[in-house]
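Q: One structure, pasted below without further comment.
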Amino acid sequence: MEKPREWLREKSIAKKVLKESNVVLEVVDARIPLITRNSVVESLAKERNKNLIIVLNKSDLVPKDFLEQAKSLIEKDFPVIVFSAHKNIGVNQLLEKIKEYAKEKQIVKVGVLGYPNVGKSSVINALKKKKVATTSPKPGMTVGEKLIKLDENIYLIDTPGIITLEYQEDLALKGSYIPDKLPYPADVAVKLIEKILQNKKEALEEAYKVKVSNDPLQTLEIIGKKLNYKVSGGEVDYDRTAKKILWDWIKGHIKAYWL
């Protein structure tokens, strides 16, 4: 499993930020909105009676009907703002929602939490309307907490990605773990391919310009051949192919999504 010490450190960050915050933004990946919800963040927010808003980021990567379906499911628990930092969607709505909660407070601190690489820093930059937080497709680039002034009485707290006690492989499927650090990237890529084949098979065909198989391992091999990723002897380099697919997933190059 993911290192328990790291998990305890991340949980302590979540507790600290939640203690300091009046409002919490939980940023999730709109392509996989349910599995990038963080149960630790949500349960801690409920325990502390904090106002929590789910920010469905990367909404430009999925169709509107899918967004509506995801939104209606999540709104049973928390208010939802459909957002795209890249396309500047939902910025005004989110600002209005934060200010609504801020009316009765002199100083409002807004904690921005979520898994690595869901786009927390991008959300902050979009709200601030300039680059004040580090963004990168590489998970885990934000180090430590950072206080950012948004308005006269509103401050954002930028944080590292909050993980829970999960296998590295599961974090990688969420785009929250660096593929190059995986001991067995091919195993993870096969799981990802299987999920994509079940939900949006054509996303792989469009991304790699190939006709894929219904078998995930065969599909990995087909993509490896297309990319001409080979080891000595001419066999497909499965690990290199796997890392490429996982990075393409993280960067949004594979247009798949599921609930």
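For the structure tokens, the naming scheme is as follows: chains receive sequential letters (A, B, ...) according to their order of presentation, residues are indexed from 1 within each chain, and ligands are indexed from 1 in presentation order.
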Counting only C-alpha atoms, what is within 8 Å of range 123-125 of chain A, bar same-chain residues fewer than 3 positions away, as a list in words?

A: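 Residues meeting the cut-off are Asn57, Ser84, Ala85, Gly119, Lys120, Lys128, Lys129, Lys130, Lys131, Val132, Ala133, Leu156 and Asp158 of chain A.
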
Q: Got time to write the residues from that selection, C-alpha atoms, as a CSV table (one decimal), in the first residue's frame?

A:
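Wrote it out as out_15.csv, contents follow:
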```csv
chain,number,residue,atom,x,y,z
A,57,ASN,CA,-12.8,20.7,-12.8
A,84,SER,CA,-12.9,24.4,-16.3
A,85,ALA,CA,-9.8,26.4,-15.4
A,119,GLY,CA,-6.3,20.9,-10.9
A,120,LYS,CA,-6.4,22.7,-7.5
A,128,LYS,CA,-7.3,35.0,-9.0
A,129,LYS,CA,-7.2,35.7,-12.7
A,130,LYS,CA,-3.5,35.4,-12.8
A,131,LYS,CA,-0.8,32.7,-12.1
A,132,VAL,CA,-0.2,32.6,-8.4
A,133,ALA,CA,0.0,28.8,-7.9
A,156,LEU,CA,-7.4,30.9,-0.6
A,158,ASP,CA,-3.4,26.2,-1.7
```

Q: What are the DSSP alpha helix (DSSP H) residues of range 36-153 of chain A, as an MDAnalysis selection string?

A: chainID A and resid 39:47 64:74 91:102 120:128

Q: What are the nearest atom pairs, with distances in Å to one decimal, for all residues of range 149-212 of chain A that come at most 10 Å from range 251-258 of chain A, using only C-alpha atoms, set out by chain and rising residue number as CSV?

A:
```
residue,atom,partner,partner_atom,distance
A:Gly175,CA,A:Lys251,CA,8.6
A:Lys195,CA,A:Trp258,CA,8.5
A:Ile196,CA,A:Ala256,CA,6.4
A:Leu197,CA,A:Ala256,CA,9.3
A:Gln198,CA,A:Trp258,CA,9.2
A:Asn199,CA,A:Trp258,CA,6.3
A:Lys200,CA,A:Ala256,CA,5.7
A:Lys201,CA,A:Ala256,CA,8.1
A:Glu202,CA,A:Ala256,CA,8.5
A:Ala203,CA,A:Lys255,CA,5.2
A:Leu204,CA,A:Ile254,CA,6.4
A:Glu205,CA,A:Ile254,CA,9.3
A:Glu206,CA,A:Ile254,CA,8.0
A:Ala207,CA,A:Ile254,CA,5.8
A:Tyr208,CA,A:Ile254,CA,8.9
```

Q: For the selection just defined, write its residues with N, CA and C atoms to a file, as a tab-separated table (two decimals), in the first residue's frame.

A:
```
chain	number	residue	atom	x	y	z
A	175	GLY	N	-4.92	9.41	-11.97
A	175	GLY	CA	-4.02	10.45	-12.46
A	175	GLY	C	-3.29	11.14	-11.33
A	195	LYS	N	-10.85	-0.28	-18.19
A	195	LYS	CA	-11.90	0.66	-17.80
A	195	LYS	C	-12.36	1.50	-18.99
A	196	ILE	N	-11.41	1.93	-19.81
A	196	ILE	CA	-11.75	2.73	-20.99
A	196	ILE	C	-12.52	1.89	-22.01
A	197	LEU	N	-12.11	0.66	-22.20
A	197	LEU	CA	-12.82	-0.23	-23.13
A	197	LEU	C	-14.27	-0.43	-22.71
A	198	GLN	N	-14.51	-0.46	-21.40
A	198	GLN	CA	-15.86	-0.66	-20.88
A	198	GLN	C	-16.73	0.57	-21.07
A	199	ASN	N	-16.09	1.75	-21.06
A	199	ASN	CA	-16.86	2.99	-21.02
A	199	ASN	C	-16.80	3.83	-22.30
A	200	LYS	N	-15.63	3.90	-22.93
A	200	LYS	CA	-15.52	4.72	-24.13
A	200	LYS	C	-14.35	4.22	-24.99
A	201	LYS	N	-14.58	3.07	-25.57
A	201	LYS	CA	-13.58	2.37	-26.37
A	201	LYS	C	-12.97	3.26	-27.45
A	202	GLU	N	-13.81	4.09	-28.08
A	202	GLU	CA	-13.34	4.92	-29.19
A	202	GLU	C	-12.32	5.97	-28.77
A	203	ALA	N	-12.25	6.25	-27.47
A	203	ALA	CA	-11.27	7.24	-26.99
A	203	ALA	C	-9.84	6.77	-27.25
A	204	LEU	N	-9.60	5.48	-27.10
A	204	LEU	CA	-8.28	4.92	-27.38
A	204	LEU	C	-8.00	4.92	-28.88
A	205	GLU	N	-9.02	4.59	-29.66
A	205	GLU	CA	-8.84	4.54	-31.11
A	205	GLU	C	-8.56	5.94	-31.67
A	206	GLU	N	-9.22	6.93	-31.09
A	206	GLU	CA	-9.00	8.32	-31.53
A	206	GLU	C	-7.62	8.82	-31.10
A	207	ALA	N	-7.21	8.45	-29.89
A	207	ALA	CA	-5.93	8.94	-29.36
A	207	ALA	C	-4.73	8.36	-30.10
A	208	TYR	N	-4.83	7.08	-30.50
A	208	TYR	CA	-3.66	6.40	-31.08
A	208	TYR	C	-3.85	5.98	-32.54
```

Q: With only C-alpha atoms as the counted atoms, please give the residues lying no more than 12 Å from Lys191 in chain A, apart from itself and same-chain residues fewer than 6 positions off, as a PyMOL selection string.

A: chain A and resi 169-170+172-174+184-185+197-198+215-217+219-220+242+245-246

Q: Filtering to N, CA, C and O atoms, could you give me those residues as an mmCIF file, in the first residue's frame?

A:
```cif
data_model
loop_
_atom_site.group_PDB
_atom_site.id
_atom_site.type_symbol
_atom_site.label_atom_id
_atom_site.label_comp_id
_atom_site.auth_asym_id
_atom_site.auth_seq_id
_atom_site.Cartn_x
_atom_site.Cartn_y
_atom_site.Cartn_z
ATOM 1 N N GLU A 169 -1.156 1.897 -7.499
ATOM 2 C CA GLU A 169 -1.820 1.601 -8.765
ATOM 3 C C GLU A 169 -3.172 2.309 -8.870
ATOM 4 O O GLU A 169 -3.542 2.834 -9.919
ATOM 5 N N ASP A 170 -3.926 2.325 -7.742
ATOM 6 C CA ASP A 170 -5.233 2.985 -7.752
ATOM 7 C C ASP A 170 -5.085 4.490 -7.889
ATOM 8 O O ASP A 170 -5.876 5.143 -8.567
ATOM 9 N N ALA A 172 -2.658 5.944 -9.457
ATOM 10 C CA ALA A 172 -2.243 6.173 -10.846
ATOM 11 C C ALA A 172 -3.452 6.191 -11.781
ATOM 12 O O ALA A 172 -3.506 6.978 -12.728
ATOM 13 N N LEU A 173 -4.445 5.334 -11.526
ATOM 14 C CA LEU A 173 -5.656 5.317 -12.345
ATOM 15 C C LEU A 173 -6.432 6.622 -12.213
ATOM 16 O O LEU A 173 -7.145 7.031 -13.125
ATOM 17 N N LYS A 174 -6.277 7.295 -11.077
ATOM 18 C CA LYS A 174 -6.926 8.591 -10.854
ATOM 19 C C LYS A 174 -6.088 9.736 -11.420
ATOM 20 O O LYS A 174 -6.485 10.896 -11.315
ATOM 21 N N TYR A 184 5.338 -1.575 -11.654
ATOM 22 C CA TYR A 184 4.778 -2.396 -12.729
ATOM 23 C C TYR A 184 3.767 -1.565 -13.535
ATOM 24 O O TYR A 184 2.542 -1.782 -13.438
ATOM 25 N N PRO A 185 4.246 -0.622 -14.334
ATOM 26 C CA PRO A 185 3.333 0.267 -15.065
ATOM 27 C C PRO A 185 2.403 -0.456 -16.032
ATOM 28 O O PRO A 185 1.271 -0.028 -16.247
ATOM 29 N N LEU A 197 -12.110 0.659 -22.203
ATOM 30 C CA LEU A 197 -12.818 -0.228 -23.133
ATOM 31 C C LEU A 197 -14.269 -0.434 -22.706
ATOM 32 O O LEU A 197 -15.171 -0.533 -23.535
ATOM 33 N N GLN A 198 -14.506 -0.464 -21.404
ATOM 34 C CA GLN A 198 -15.858 -0.665 -20.880
ATOM 35 C C GLN A 198 -16.731 0.572 -21.070
ATOM 36 O O GLN A 198 -17.948 0.465 -21.218
ATOM 37 N N ASP A 215 -9.674 -7.060 -25.683
ATOM 38 C CA ASP A 215 -8.776 -7.561 -24.651
ATOM 39 C C ASP A 215 -7.783 -6.448 -24.278
ATOM 40 O O ASP A 215 -7.061 -5.943 -25.145
ATOM 41 N N PRO A 216 -7.707 -6.049 -23.001
ATOM 42 C CA PRO A 216 -6.845 -4.935 -22.602
ATOM 43 C C PRO A 216 -5.362 -5.149 -22.897
ATOM 44 O O PRO A 216 -4.676 -4.229 -23.352
ATOM 45 N N LEU A 217 -4.863 -6.367 -22.666
ATOM 46 C CA LEU A 217 -3.445 -6.635 -22.905
ATOM 47 C C LEU A 217 -3.117 -6.576 -24.403
ATOM 48 O O LEU A 217 -2.088 -6.020 -24.809
ATOM 49 N N THR A 219 -4.722 -4.815 -26.534
ATOM 50 C CA THR A 219 -4.803 -3.392 -26.885
ATOM 51 C C THR A 219 -3.522 -2.668 -26.532
ATOM 52 O O THR A 219 -3.029 -1.829 -27.294
ATOM 53 N N LEU A 220 -2.943 -2.991 -25.368
ATOM 54 C CA LEU A 220 -1.650 -2.411 -24.978
ATOM 55 C C LEU A 220 -0.598 -2.740 -26.032
ATOM 56 O O LEU A 220 0.198 -1.877 -26.439
ATOM 57 N N ALA A 242 3.081 1.504 -21.621
ATOM 58 C CA ALA A 242 2.180 1.719 -20.485
ATOM 59 C C ALA A 242 2.356 3.125 -19.908
ATOM 60 O O ALA A 242 1.367 3.829 -19.629
ATOM 61 N N ILE A 245 0.750 5.729 -22.141
ATOM 62 C CA ILE A 245 -0.708 5.741 -22.013
ATOM 63 C C ILE A 245 -1.132 6.427 -20.716
ATOM 64 O O ILE A 245 -2.057 7.251 -20.695
ATOM 65 N N LEU A 246 -0.442 6.114 -19.626
ATOM 66 C CA LEU A 246 -0.788 6.704 -18.334
ATOM 67 C C LEU A 246 -0.541 8.211 -18.318
ATOM 68 O O LEU A 246 -1.342 8.975 -17.766
#
```

Q: Which of these, A:Lys64, A:Lys181, A:Lys103, A:His86, has the shortest distance to Gln168 in chain A once you count only C-alpha atoms?

A: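 Checking each of A:Lys64, A:Lys181, A:Lys103, A:His86 against Gln168 in chain A, counting only C-alpha atoms, the winner is A:Lys181.
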
Q: According to DSSP computed on the backbone, where in range 128-225 of chain A is there strand (DSSP E)? Give the residues as a count of residues only.

A: 9

Q: Using only C-alpha atoms for the distances, tell me which of A:Ile250, A:Val118, A:Val108, A:Ile193 is nearest to Phe83 in chain A.

A: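 Checking each of A:Ile250, A:Val118, A:Val108, A:Ile193 against Phe83 in chain A, counting only C-alpha atoms, the winner is A:Val118.
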
Q: Pick the closest to Lys58 in chain A from A:Lys16, A:Arg31, A:Lys76, A:Lys225: which is it, counting only C-alpha atoms?

A: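 Once distances to Lys58 in chain A are computed over only C-alpha atoms, the minimum belongs to A:Arg31.
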
Q: Extract, using only C-alpha atoms, all DNA, RNA and protein residues at most 7 Å from Ser21 in chain A, discarding same-chain residues fewer than 6 positions from it, and format them as an MDAnalysis selection string.

A: chainID A and resid 109:111

Q: Export, as a PDB file, in the first residue's frame, the selected residues with N, CA and C atoms.

A:
```pdb
ATOM      1  N   LYS A 109     -11.318  32.284   5.043  1.00  0.00           N
ATOM      2  CA  LYS A 109     -10.260  31.447   4.467  1.00  0.00           C
ATOM      3  C   LYS A 109     -10.905  30.266   3.756  1.00  0.00           C
ATOM      4  N   VAL A 110     -10.505  30.072   2.512  1.00  0.00           N
ATOM      5  CA  VAL A 110     -11.078  29.014   1.676  1.00  0.00           C
ATOM      6  C   VAL A 110     -10.012  27.951   1.428  1.00  0.00           C
ATOM      7  N   GLY A 111     -10.191  26.782   2.007  1.00  0.00           N
ATOM      8  CA  GLY A 111      -9.252  25.681   1.792  1.00  0.00           C
ATOM      9  C   GLY A 111      -9.531  24.990   0.477  1.00  0.00           C
TER      10      GLY A 111
END
```

Q: Using only C-alpha atoms, which residues sit within 12 Å of Lys19 in chain A once same-chain residues fewer than 3 positions away are excluded, as a PyMOL selection string?

A: chain A and resi 12-16+22-24+41+44-51+109-111+157

Q: Smallest atom-to-atom distance to Glu75 in chain A: which of A:Pro63, A:Lys243, A:Asn92, A:Leu52, using only C-alpha atoms?

A: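 Going through A:Pro63, A:Lys243, A:Asn92, A:Leu52 one by one, the smallest distance to Glu75 in chain A is for A:Leu52.
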